[in-house]
Amino acid sequence: MSYDYDQIRKKLKKSLDAHRFEHTLGVAYTAAVMASVFDEDIEKAKIAGYLHDCAKCMSDEKKLSICDKQDIPVSDIERQCPSLLHGKVGAYVARNKYGIEDEDILNAIANHTTGRPGMSKLEKIIFVADYVEPGRNNREGMHLEDVRRLALTDLDGAVRRILSDTLRYLHSTDRPIDETTQKTFDYYDHA
Ligand code: DGI
Ligand code: FE
Ligand code: FE
């Protein structure tokens, strides 16, 4: 399947702020490199990378109203932190506004923030590329150098490290933990 990348980038540029658009390009290119390393489809990795944050700049009200209208389930924590919904809403936008039909790509977009137990290779690549793309800056407790090395050598190891660092960060800032983030960590910690 080949995609019209120019068209996709043009549309994205209109719906994202400049910083988010740059991040999106970084994730697409990083995901494409990881796809070559781990034997995944490069086109799928690029598309999922481009579109993973397509709903990130939408207002919380808009995200919640799309979930409501489209019968996308919203947990209590997602209602409390609607930003957690930008993946699920992004998958809806990717299907309906960008014409993406590939379920693996849509899952990679939907699950890129919390991960999920038993992710596909593409889902893991997007989850990790999102964290390590070159525009991402280290913040406390992030260990970007370590995760960047793992991102090209040990995909499950990178997933595990990101989840453990993210959970530690969320605990340290007293932010509510999504059940899926914890379940994904437990799954990969024992894998
Ligand atoms: O959209 P991005 O900023 O590129 O990256 P992302 O979709 O991975 O979102 C990152 C943010 O999501 C980061 O600040 C940590 C936060 N996050 C991940 N899991 C959880 C969470 N926030 C809360 N409150 N609970 C979670 O379980
Ligand atoms: Fe995101
Ligand atoms: Fe992102």
# chains A, B, ... in the order shown; residues from 1 in each chain; ligands from 1
$ residues_near_ligand --ligand "ligand 3" --cutoff "7 Å" --atoms "only C-alpha atoms and all ligand atoms" --output "list in words"
His23, Thr24, His52, Asp53 and Asp130 of chain A
$ residues_near_ligand --ligand "ligand 1" --cutoff "6 Å" --atoms "only C-alpha atoms and all ligand atoms" --output "MDAnalysis selection string"
chainID A and resid 53 112:114 130 175:178 181
$ select_by_dssp --residues "chain A" --states "helix (DSSP H, G or I)" --output "ChimeraX atom specification"
/A:5-15,18-38,42-51,60-69,76-80,82-97,103-110,121-132,144-151,155-172,179-189
$ residues_around --residues "region 133-145 of chain A" --least-positions-apart "3" --cutoff "12 Å" --atoms "only C-alpha atoms" --output "VMD selection string"
chain A and resid 19 to 34 49 125 to 130 148 to 152 158 161 to 173
$ closest_residue --among "A:Cys57, A:Ala18, A:Ile42, A:Ile66" --to "ligand 2" --atoms "only C-alpha atoms and all ligand atoms"
A:Cys57
$ residues_around --residues "Arg9 (chain A)" --least-positions-apart "4" --cutoff "9 Å" --atoms "only C-alpha atoms" --output "ChimeraX atom specification"
/A:4-5,13-14,21,25,50
$ write_last_selection --atoms "C-alpha atoms" --output "compact mmCIF listing (two decimals), in the first residue's frame"
# COMPACT_ATOMS: atom_id res chain seq x y z
CA ASP A 4 0.15 10.23 -0.36
CA TYR A 5 2.69 11.55 2.14
CA LYS A 13 0.50 20.88 9.41
CA LYS A 14 -2.89 22.59 9.53
CA PHE A 21 4.38 18.90 13.70
CA LEU A 25 8.19 14.14 11.55
CA TYR A 50 2.97 10.77 11.06
$ atom_distance --atom1 "CA of Arg79 (chain A)" --atom2 "CA of Thr184 (chain A)"
20.1 Å
$ closest_residue --among "A:Ile100, A:Ala91, A:Val147, A:Ala108" --to "Gln70 (chain A)" --atoms "only C-alpha atoms"
A:Ala91
$ closest_residue --among "A:Ile77, A:Ala35, A:Leu84, A:Cys67" --to "ligand 2" --atoms "only C-alpha atoms and all ligand atoms"
A:Leu84
$ atom_distance --atom1 "CA of Gln182 (chain A)" --atom2 "CA of Glu78 (chain A)"
14.3 Å
$ decode --residues "region 37-49 of chain A" --atoms "N, CA, C and O atoms" --output "PDB file, in the first residue's frame"
ATOM      1  N   VAL A  37      15.341  -1.922  11.129  1.00  0.00           N
ATOM      2  CA  VAL A  37      16.141  -2.733  12.059  1.00  0.00           C
ATOM      3  C   VAL A  37      15.374  -3.994  12.482  1.00  0.00           C
ATOM      4  O   VAL A  37      15.949  -5.081  12.547  1.00  0.00           O
ATOM      5  N   PHE A  38      14.084  -3.842  12.750  1.00  0.00           N
ATOM      6  CA  PHE A  38      13.320  -4.965  13.331  1.00  0.00           C
ATOM      7  C   PHE A  38      12.420  -5.666  12.309  1.00  0.00           C
ATOM      8  O   PHE A  38      11.530  -6.426  12.692  1.00  0.00           O
ATOM      9  N   ASP A  39      12.667  -5.401  11.024  1.00  0.00           N
ATOM     10  CA  ASP A  39      11.971  -6.137   9.976  1.00  0.00           C
ATOM     11  C   ASP A  39      10.448  -5.919  10.008  1.00  0.00           C
ATOM     12  O   ASP A  39       9.673  -6.871  10.028  1.00  0.00           O
ATOM     13  N   GLU A  40      10.082  -4.667  10.034  1.00  0.00           N
ATOM     14  CA  GLU A  40       8.652  -4.294   9.949  1.00  0.00           C
ATOM     15  C   GLU A  40       8.476  -3.479   8.663  1.00  0.00           C
ATOM     16  O   GLU A  40       9.452  -3.003   8.072  1.00  0.00           O
ATOM     17  N   ASP A  41       7.248  -3.326   8.229  1.00  0.00           N
ATOM     18  CA  ASP A  41       6.934  -2.575   7.008  1.00  0.00           C
ATOM     19  C   ASP A  41       7.224  -1.072   7.228  1.00  0.00           C
ATOM     20  O   ASP A  41       6.629  -0.439   8.105  1.00  0.00           O
ATOM     21  N   ILE A  42       8.134  -0.528   6.408  1.00  0.00           N
ATOM     22  CA  ILE A  42       8.567   0.865   6.598  1.00  0.00           C
ATOM     23  C   ILE A  42       7.427   1.855   6.336  1.00  0.00           C
ATOM     24  O   ILE A  42       7.282   2.861   7.036  1.00  0.00           O
ATOM     25  N   GLU A  43       6.615   1.567   5.316  1.00  0.00           N
ATOM     26  CA  GLU A  43       5.513   2.490   4.988  1.00  0.00           C
ATOM     27  C   GLU A  43       4.515   2.575   6.148  1.00  0.00           C
ATOM     28  O   GLU A  43       4.047   3.649   6.513  1.00  0.00           O
ATOM     29  N   LYS A  44       4.190   1.423   6.702  1.00  0.00           N
ATOM     30  CA  LYS A  44       3.249   1.407   7.833  1.00  0.00           C
ATOM     31  C   LYS A  44       3.818   2.181   9.015  1.00  0.00           C
ATOM     32  O   LYS A  44       3.114   2.916   9.704  1.00  0.00           O
ATOM     33  N   ALA A  45       5.114   2.000   9.257  1.00  0.00           N
ATOM     34  CA  ALA A  45       5.749   2.681  10.387  1.00  0.00           C
ATOM     35  C   ALA A  45       5.720   4.197  10.168  1.00  0.00           C
ATOM     36  O   ALA A  45       5.443   4.967  11.107  1.00  0.00           O
ATOM     37  N   LYS A  46       5.978   4.620   8.927  1.00  0.00           N
ATOM     38  CA  LYS A  46       5.975   6.055   8.646  1.00  0.00           C
ATOM     39  C   LYS A  46       4.580   6.655   8.829  1.00  0.00           C
ATOM     40  O   LYS A  46       4.413   7.693   9.473  1.00  0.00           O
ATOM     41  N   ILE A  47       3.575   5.988   8.269  1.00  0.00           N
ATOM     42  CA  ILE A  47       2.203   6.507   8.380  1.00  0.00           C
ATOM     43  C   ILE A  47       1.762   6.573   9.839  1.00  0.00           C
ATOM     44  O   ILE A  47       1.199   7.577  10.300  1.00  0.00           O
ATOM     45  N   ALA A  48       2.012   5.503  10.575  1.00  0.00           N
ATOM     46  CA  ALA A  48       1.606   5.494  11.986  1.00  0.00           C
ATOM     47  C   ALA A  48       2.347   6.598  12.744  1.00  0.00           C
ATOM     48  O   ALA A  48       1.771   7.265  13.605  1.00  0.00           O
ATOM     49  N   GLY A  49       3.623   6.806  12.400  1.00  0.00           N
ATOM     50  CA  GLY A  49       4.400   7.872  13.043  1.00  0.00           C
ATOM     51  C   GLY A  49       3.833   9.245  12.723  1.00  0.00           C
ATOM     52  O   GLY A  49       3.640  10.079  13.608  1.00  0.00           O
TER      53      GLY A  49
END
